[in-house]
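Here's the structure, in structure tokens; my notes come after.
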Number of protein chains: 2
Amino acid sequence: MQYFPAALERLTEQFARLPGIGTKTAQRLAFYVLGLPKQEAEAFAQAIVDAKEKVKTCPVCQNLTDRELCPICADQRRDKGLVCVVAEPRDVAALERAREYRGVYHVLHGVISPLGHVGPDDIRIRELLTRVGQGDIREVIMATNPDTEGEATSMYLSRLLRPLGVRVTRLAYGMPVGSQLEYADEVTLLRALEGRQEI
Amino acid sequence: MQYFPAALERLTEQFARLPGIGTKTAQRLAFYVLGLPKQEAEAFAQAIVDAKEKVKTCPVCQNLTDRELCPICADQRRDKGLVCVVAEPRDVAALERAREYRGVYHVLHGVISPLGHVGPDDIRIRELLTRVGQGDIREVIMATNPDTEGEATSMYLSRLLRPLGVRVTRLAYGMPVGSQLEYADEVTLLRALEGRQEI
């Protein structure tokens, strides 16, 4: 027997499909939505439809945008000769928060992951090669995460990019600012030593 | 500066309003929805609108339903003279899963909670009194949670119901089946002792 109205069960199922949301939480969320004023529940539904309809990827950098060209690519003051390659749109947000970088980006929408069945053709690598192949780009900064898959993706890309006559660099490894030596892992310490600079 | 398209930010905000969902999780969920096929995202939105539109409370027992009368109240085989009072619709589901109870329910949609600013008028107590006042009900079983607020609500209700000439009972306290004595708390053990039965 079904204990809840069908429409409520369907909403619970929808929530349960979201990543990290189990059946119990999904039910709690469905009840919450049911308790919202009609207008607010409709605004929620509309937000889903809107996001899906309005958000596209920028044809140049592949970042998410709701305009013809993303605000960064459209900005005349950004240096179009310097491209920072990141895995996800949220990485662009992280770098922008540092308020230092004045170049543009390229968002891969993933990293190469043999275990996750993500190959080079599943992320926006072709678009990056086309972009670099058109000239005008002098440096590509690899800013994938410093983990196994991020590193592998970065190595793979640099091998494809170097023949195109572009300078390929990557973010520095080292101690996070504000961290403590005694809690740093050995690999980070090793990289920090290797990358030591004159002061 | 805004780092994500406005429509994406609005969807993130909607998710962040749900109970137990923080900003980071909300962003992850919004990205997930964005990655869904258009049709599936629209099905999600529709599920919200549908749940809100179709799900009402049963005029008799106040449980959630999408019909005129909920399936339990509409069932001719259920004993309408026996009413089990629960706090939430999910409690009805829990009791129904036991497949034993043949009476009907009354869903309060909350418990009296002075700290949570929930008074007797904020839950479906008036409806219960009206229902019992119409006669035909011989017993009301209190099945609110065995915690402070559930107990207080149950006591409050029994004081209102008894003058109406109805028998008022409550669920038995005792050891949960399958549990172990050594892990039982003292209050539960005390109640289990008090409620001991001949075998």
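Chain labels run A, B, ... following the order of the structure tokens; each chain numbers its residues from 1, and ligands are numbered from 1 in the order shown.
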If we count only C-alpha atoms, what is near stretch 57-69 of chain A at a cut-off of 6 Å, once residues fewer than 5 positions away on the same chain are taken out, given as a ChimeraX atom specification? /A:74,89,105-107 /B:5
Restricted to C-alpha atoms, what would the selected residues look like written as a PDB file, in the first residue's frame?
```
ATOM      1  CA  ALA A  74      33.349  40.074 -22.991  1.00  0.00           C
ATOM      2  CA  PRO A  89      32.946  26.722 -13.229  1.00  0.00           C
ATOM      3  CA  TYR A 105      39.729  31.082 -18.625  1.00  0.00           C
ATOM      4  CA  HIS A 106      38.976  27.774 -20.216  1.00  0.00           C
ATOM      5  CA  VAL A 107      36.591  25.495 -18.344  1.00  0.00           C
TER       6      VAL A 107
ATOM      7  CA  PRO B   5      24.872  33.319 -14.164  1.00  0.00           C
TER       8      PRO B   5
END
```
Using only C-alpha atoms, find each residue of chain A with at least one atom at most 9 Å away from an atom of chain B; report its shortest atom-to-atom pair and that distance in Å (one decimal), sort the rows by chain and rising residue number, and return the result as JSON lines.
```
{"residue": "A:Met1", "atom": "CA", "partner": "B:Glu96", "partner_atom": "CA", "distance": 8.7}
{"residue": "A:Gln2", "atom": "CA", "partner": "B:Ala93", "partner_atom": "CA", "distance": 8.5}
{"residue": "A:Tyr3", "atom": "CA", "partner": "B:Ala93", "partner_atom": "CA", "distance": 5.3}
{"residue": "A:Phe4", "atom": "CA", "partner": "B:Thr65", "partner_atom": "CA", "distance": 6.9}
{"residue": "A:Pro5", "atom": "CA", "partner": "B:Thr65", "partner_atom": "CA", "distance": 5.0}
{"residue": "A:Ala6", "atom": "CA", "partner": "B:Asp66", "partner_atom": "CA", "distance": 7.5}
{"residue": "A:Ala7", "atom": "CA", "partner": "B:Ala51", "partner_atom": "CA", "distance": 4.8}
{"residue": "A:Leu8", "atom": "CA", "partner": "B:Ala51", "partner_atom": "CA", "distance": 5.3}
{"residue": "A:Glu9", "atom": "CA", "partner": "B:Ala51", "partner_atom": "CA", "distance": 8.6}
{"residue": "A:Arg10", "atom": "CA", "partner": "B:Ala47", "partner_atom": "CA", "distance": 6.3}
{"residue": "A:Leu11", "atom": "CA", "partner": "B:Ala47", "partner_atom": "CA", "distance": 5.1}
{"residue": "A:Thr12", "atom": "CA", "partner": "B:Ala47", "partner_atom": "CA", "distance": 8.9}
{"residue": "A:Gln14", "atom": "CA", "partner": "B:Phe44", "partner_atom": "CA", "distance": 5.9}
{"residue": "A:Phe15", "atom": "CA", "partner": "B:Phe44", "partner_atom": "CA", "distance": 8.2}
{"residue": "A:Leu18", "atom": "CA", "partner": "B:Leu29", "partner_atom": "CA", "distance": 6.6}
{"residue": "A:Pro19", "atom": "CA", "partner": "B:Leu29", "partner_atom": "CA", "distance": 7.0}
{"residue": "A:Gly20", "atom": "CA", "partner": "B:Thr25", "partner_atom": "CA", "distance": 8.8}
{"residue": "A:Thr25", "atom": "CA", "partner": "B:Gly20", "partner_atom": "CA", "distance": 8.8}
{"residue": "A:Arg28", "atom": "CA", "partner": "B:Pro19", "partner_atom": "CA", "distance": 8.2}
{"residue": "A:Leu29", "atom": "CA", "partner": "B:Leu18", "partner_atom": "CA", "distance": 6.6}
{"residue": "A:Ala30", "atom": "CA", "partner": "B:Ile48", "partner_atom": "CA", "distance": 8.2}
{"residue": "A:Tyr32", "atom": "CA", "partner": "B:Leu18", "partner_atom": "CA", "distance": 7.2}
{"residue": "A:Val33", "atom": "CA", "partner": "B:Ile48", "partner_atom": "CA", "distance": 7.3}
{"residue": "A:Leu34", "atom": "CA", "partner": "B:Lys52", "partner_atom": "CA", "distance": 5.6}
{"residue": "A:Gly35", "atom": "CA", "partner": "B:Lys52", "partner_atom": "CA", "distance": 8.4}
{"residue": "A:Leu36", "atom": "CA", "partner": "B:Lys52", "partner_atom": "CA", "distance": 8.4}
{"residue": "A:Pro37", "atom": "CA", "partner": "B:Lys52", "partner_atom": "CA", "distance": 8.7}
{"residue": "A:Lys38", "atom": "CA", "partner": "B:Lys52", "partner_atom": "CA", "distance": 6.5}
{"residue": "A:Ala41", "atom": "CA", "partner": "B:Ile48", "partner_atom": "CA", "distance": 6.7}
{"residue": "A:Glu42", "atom": "CA", "partner": "B:Val49", "partner_atom": "CA", "distance": 6.0}
{"residue": "A:Ala43", "atom": "CA", "partner": "B:Gln14", "partner_atom": "CA", "distance": 8.3}
{"residue": "A:Phe44", "atom": "CA", "partner": "B:Gln14", "partner_atom": "CA", "distance": 5.9}
{"residue": "A:Ala45", "atom": "CA", "partner": "B:Ala45", "partner_atom": "CA", "distance": 4.2}
{"residue": "A:Gln46", "atom": "CA", "partner": "B:Ala45", "partner_atom": "CA", "distance": 6.8}
{"residue": "A:Ala47", "atom": "CA", "partner": "B:Leu11", "partner_atom": "CA", "distance": 5.1}
{"residue": "A:Ile48", "atom": "CA", "partner": "B:Ala45", "partner_atom": "CA", "distance": 6.1}
{"residue": "A:Val49", "atom": "CA", "partner": "B:Glu42", "partner_atom": "CA", "distance": 6.0}
{"residue": "A:Asp50", "atom": "CA", "partner": "B:Ala7", "partner_atom": "CA", "distance": 6.1}
{"residue": "A:Ala51", "atom": "CA", "partner": "B:Ala7", "partner_atom": "CA", "distance": 4.8}
{"residue": "A:Lys52", "atom": "CA", "partner": "B:Leu34", "partner_atom": "CA", "distance": 5.6}
{"residue": "A:Glu53", "atom": "CA", "partner": "B:Lys38", "partner_atom": "CA", "distance": 8.0}
{"residue": "A:Lys54", "atom": "CA", "partner": "B:Ala7", "partner_atom": "CA", "distance": 6.8}
{"residue": "A:Val55", "atom": "CA", "partner": "B:Pro5", "partner_atom": "CA", "distance": 6.7}
{"residue": "A:Asn63", "atom": "CA", "partner": "B:Phe4", "partner_atom": "CA", "distance": 8.9}
{"residue": "A:Leu64", "atom": "CA", "partner": "B:Pro5", "partner_atom": "CA", "distance": 6.7}
{"residue": "A:Thr65", "atom": "CA", "partner": "B:Pro5", "partner_atom": "CA", "distance": 5.0}
{"residue": "A:Asp66", "atom": "CA", "partner": "B:Pro5", "partner_atom": "CA", "distance": 5.5}
{"residue": "A:Arg67", "atom": "CA", "partner": "B:Pro5", "partner_atom": "CA", "distance": 8.3}
{"residue": "A:Cys70", "atom": "CA", "partner": "B:Pro5", "partner_atom": "CA", "distance": 8.8}
{"residue": "A:Pro71", "atom": "CA", "partner": "B:Tyr3", "partner_atom": "CA", "distance": 9.0}
{"residue": "A:Pro89", "atom": "CA", "partner": "B:Phe4", "partner_atom": "CA", "distance": 7.9}
{"residue": "A:Arg90", "atom": "CA", "partner": "B:Phe4", "partner_atom": "CA", "distance": 8.2}
{"residue": "A:Val92", "atom": "CA", "partner": "B:Tyr3", "partner_atom": "CA", "distance": 7.6}
{"residue": "A:Ala93", "atom": "CA", "partner": "B:Tyr3", "partner_atom": "CA", "distance": 5.3}
{"residue": "A:Ala94", "atom": "CA", "partner": "B:Tyr3", "partner_atom": "CA", "distance": 8.9}
{"residue": "A:Glu96", "atom": "CA", "partner": "B:Tyr3", "partner_atom": "CA", "distance": 7.6}
{"residue": "A:Arg97", "atom": "CA", "partner": "B:Tyr3", "partner_atom": "CA", "distance": 8.7}
```
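Considering the residues A:Ala172, A:Leu193, A:Leu157, A:Val166 and counting only C-alpha atoms, A:Asp136 has its shortest atom-to-atom contact with A:Val166.
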All residues 12 Å or closer to B:Ala192, only C-alpha atoms, same chain fewer than 6 positions away omitted, as JSON, numbers by chain: {"B": [172, 173, 174, 175, 176, 177, 181, 184, 185, 186]}
Mind fitting chain B onto chain A over all Cα atoms in sequence order and sending the result as a short mmCIF file (atom, residue, chain, number, x, y, z; two decimals) with C-alpha atoms, in the first residue's frame?
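To be explicit, this is the file written out as superposed25.cif:
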```cif
data_model
loop_
_atom_site.label_atom_id
_atom_site.label_comp_id
_atom_site.auth_asym_id
_atom_site.auth_seq_id
_atom_site.Cartn_x
_atom_site.Cartn_y
_atom_site.Cartn_z
CA MET B 1 -0.04 0.02 0.19
CA GLN B 2 1.07 3.53 -0.52
CA TYR B 3 1.15 5.70 2.59
CA PHE B 4 1.59 9.12 1.00
CA PRO B 5 -0.24 10.82 -1.88
CA ALA B 6 1.28 9.95 -5.26
CA ALA B 7 2.29 13.56 -5.99
CA LEU B 8 4.22 13.68 -2.72
CA GLU B 9 5.94 10.37 -3.47
CA ARG B 10 6.98 11.66 -6.90
CA LEU B 11 8.47 14.80 -5.38
CA THR B 12 10.32 12.68 -2.81
CA GLU B 13 11.71 10.54 -5.64
CA GLN B 14 12.91 13.65 -7.46
CA PHE B 15 14.78 14.88 -4.42
CA ALA B 16 16.22 11.42 -3.77
CA ARG B 17 17.86 11.48 -7.22
CA LEU B 18 20.03 14.44 -6.25
CA PRO B 19 23.60 13.57 -5.26
CA GLY B 20 24.10 13.03 -1.52
CA ILE B 21 20.37 13.07 -0.75
CA GLY B 22 19.04 9.82 0.74
CA THR B 23 15.41 8.70 0.94
CA LYS B 24 14.84 10.07 4.46
CA THR B 25 16.29 13.47 3.62
CA ALA B 26 14.36 13.52 0.35
CA GLN B 27 11.13 12.94 2.27
CA ARG B 28 11.99 15.73 4.70
CA LEU B 29 12.66 18.12 1.80
CA ALA B 30 9.43 17.12 0.04
CA PHE B 31 7.44 17.81 3.22
CA TYR B 32 9.19 21.14 3.54
CA VAL B 33 8.28 22.17 -0.01
CA LEU B 34 4.71 21.07 0.65
CA GLY B 35 4.64 23.41 3.62
CA LEU B 36 5.83 26.41 1.59
CA PRO B 37 3.32 29.04 0.44
CA LYS B 38 2.12 28.17 -3.08
CA GLN B 39 3.94 31.17 -4.55
CA GLU B 40 7.29 30.16 -3.08
CA ALA B 41 6.96 26.55 -4.22
CA GLU B 42 6.22 27.83 -7.72
CA ALA B 43 9.24 30.14 -7.57
CA PHE B 44 11.38 27.08 -6.75
CA ALA B 45 9.98 25.17 -9.72
CA GLN B 46 10.48 28.18 -11.96
CA ALA B 47 14.11 28.54 -10.82
CA ILE B 48 14.80 25.00 -12.04
CA VAL B 49 13.20 25.62 -15.43
CA ASP B 50 14.93 29.01 -15.76
CA ALA B 51 18.38 27.72 -14.87
CA LYS B 52 17.99 24.95 -17.41
CA GLU B 53 16.71 27.27 -20.13
CA LYS B 54 18.87 30.32 -19.65
CA VAL B 55 22.23 28.97 -18.63
CA LYS B 56 24.48 28.04 -21.56
CA THR B 57 28.23 27.70 -21.96
CA CYS B 58 30.27 30.60 -23.31
CA PRO B 59 31.35 29.75 -26.91
CA VAL B 60 34.89 30.96 -26.15
CA CYS B 61 35.81 29.78 -22.65
CA GLN B 62 33.04 27.19 -22.06
CA ASN B 63 32.19 28.74 -18.69
CA LEU B 64 28.50 28.88 -17.73
CA THR B 65 26.72 32.06 -18.72
CA ASP B 66 23.28 33.44 -19.55
CA ARG B 67 24.64 35.86 -22.16
CA GLU B 68 25.98 35.59 -25.68
CA LEU B 69 29.55 35.77 -24.37
CA CYS B 70 30.46 35.34 -20.68
CA PRO B 71 31.26 38.59 -18.78
CA ILE B 72 34.95 37.69 -18.52
CA CYS B 73 35.40 36.96 -22.24
CA ALA B 74 33.36 40.09 -23.06
CA ASP B 75 35.51 42.27 -20.79
CA GLN B 76 37.82 44.41 -22.97
CA ARG B 77 40.29 44.85 -20.10
CA ARG B 78 41.03 41.14 -19.69
CA ASP B 79 44.19 39.83 -21.34
CA LYS B 80 43.01 37.44 -24.06
CA GLY B 81 46.56 36.16 -24.59
CA LEU B 82 46.62 34.46 -21.17
CA VAL B 83 44.33 31.48 -20.61
CA CYS B 84 43.86 29.69 -17.31
CA VAL B 85 42.55 26.13 -17.67
CA VAL B 86 40.25 24.91 -14.88
CA ALA B 87 38.11 21.82 -14.40
CA GLU B 88 34.85 23.39 -13.24
CA PRO B 89 32.94 26.71 -13.29
CA ARG B 90 33.32 26.92 -9.49
CA ASP B 91 37.10 27.02 -9.98
CA VAL B 92 36.68 30.19 -12.04
CA ALA B 93 34.72 31.66 -9.13
CA ALA B 94 37.51 30.68 -6.71
CA LEU B 95 40.22 32.31 -8.84
CA GLU B 96 38.14 35.44 -9.46
CA ARG B 97 37.72 35.86 -5.71
CA ALA B 98 41.50 36.27 -5.48
CA ARG B 99 41.03 39.48 -7.57
CA GLU B 100 44.48 39.17 -9.09
CA TYR B 101 44.21 37.26 -12.35
CA ARG B 102 43.60 39.50 -15.39
CA GLY B 103 43.63 36.88 -18.15
CA VAL B 104 40.75 34.71 -19.35
CA TYR B 105 39.72 31.10 -18.64
CA HIS B 106 38.98 27.79 -20.25
CA VAL B 107 36.59 25.50 -18.39
CA LEU B 108 37.05 21.80 -19.16
CA HIS B 109 33.86 20.65 -17.37
CA GLY B 110 35.63 17.69 -15.82
CA VAL B 111 38.99 15.98 -15.76
CA ILE B 112 40.19 12.85 -17.50
CA SER B 113 39.30 9.93 -15.25
CA PRO B 114 39.74 6.37 -16.51
CA LEU B 115 37.95 5.01 -13.41
CA GLY B 116 35.04 7.40 -13.90
CA HIS B 117 34.90 6.56 -17.64
CA VAL B 118 35.75 10.14 -18.57
CA GLY B 119 38.05 10.27 -21.58
CA PRO B 120 39.65 13.24 -23.38
CA ASP B 121 36.65 13.49 -25.71
CA ASP B 122 34.21 13.85 -22.82
CA ILE B 123 35.60 17.18 -21.62
CA ARG B 124 36.18 20.45 -23.47
CA ILE B 125 39.69 19.72 -24.72
CA ARG B 126 38.94 20.02 -28.43
CA GLU B 127 37.61 23.53 -27.85
CA LEU B 128 40.82 24.48 -26.04
CA LEU B 129 43.03 23.17 -28.85
CA THR B 130 40.98 25.03 -31.46
CA ARG B 131 41.22 28.20 -29.39
CA VAL B 132 44.99 27.95 -28.96
CA GLY B 133 45.41 26.88 -32.61
CA GLN B 134 43.87 30.18 -33.73
CA GLY B 135 46.97 31.99 -32.43
CA ASP B 136 46.88 35.13 -30.21
CA ILE B 137 47.36 33.04 -27.04
CA ARG B 138 50.88 33.21 -25.61
CA GLU B 139 50.46 31.36 -22.31
CA VAL B 140 48.21 28.63 -20.90
CA ILE B 141 48.17 28.23 -17.10
CA MET B 142 47.08 24.80 -15.89
CA ALA B 143 44.93 25.17 -12.79
CA THR B 144 43.32 21.76 -12.44
CA ASN B 145 43.18 20.39 -8.87
CA PRO B 146 46.53 19.15 -7.53
CA ASP B 147 45.26 15.57 -7.24
CA THR B 148 45.95 12.51 -9.38
CA GLU B 149 43.29 13.11 -12.01
CA GLY B 150 43.86 16.86 -12.14
CA GLU B 151 47.60 16.30 -12.58
CA ALA B 152 47.13 13.67 -15.26
CA THR B 153 44.75 15.93 -17.20
CA SER B 154 47.20 18.78 -16.90
CA MET B 155 50.10 16.62 -18.16
CA TYR B 156 48.01 15.30 -21.04
CA LEU B 157 47.01 18.80 -22.09
CA SER B 158 50.50 20.27 -21.84
CA ARG B 159 51.77 17.58 -24.19
CA LEU B 160 49.11 18.55 -26.74
CA LEU B 161 49.62 22.29 -26.31
CA ARG B 162 53.37 22.64 -26.43
CA PRO B 163 53.66 21.68 -30.14
CA LEU B 164 51.32 24.59 -30.88
CA GLY B 165 54.06 26.98 -29.76
CA VAL B 166 52.38 28.21 -26.62
CA ARG B 167 53.97 28.59 -23.18
CA VAL B 168 52.40 26.12 -20.72
CA THR B 169 52.69 26.74 -16.96
CA ARG B 170 50.88 25.48 -13.88
CA LEU B 171 49.90 26.90 -10.49
CA ALA B 172 52.65 26.77 -7.85
CA TYR B 173 52.65 23.99 -5.28
CA GLY B 174 53.47 24.90 -1.73
CA MET B 175 52.24 25.67 1.74
CA PRO B 176 48.73 27.12 1.93
CA VAL B 177 48.87 30.62 3.43
CA GLY B 178 47.87 30.54 7.09
CA SER B 179 48.58 26.84 7.44
CA GLN B 180 50.96 25.26 9.94
CA LEU B 181 54.11 23.35 9.08
CA GLU B 182 53.46 20.61 11.61
CA TYR B 183 50.19 19.67 9.90
CA ALA B 184 51.46 19.80 6.32
CA ASP B 185 51.72 16.47 4.50
CA GLU B 186 55.12 15.36 3.24
CA VAL B 187 54.38 15.74 -0.45
CA THR B 188 53.27 19.34 0.02
CA LEU B 189 56.38 20.07 2.09
CA LEU B 190 58.59 18.47 -0.55
CA ARG B 191 56.96 20.57 -3.29
CA ALA B 192 57.26 23.71 -1.15
CA LEU B 193 60.98 23.03 -0.70
CA GLU B 194 61.51 22.39 -4.40
CA GLY B 195 59.68 25.59 -5.28
CA ARG B 196 61.45 27.78 -2.74
CA GLN B 197 62.04 31.37 -3.78
CA GLU B 198 64.47 34.19 -2.95
CA ILE B 199 63.14 36.71 -0.43
#
```
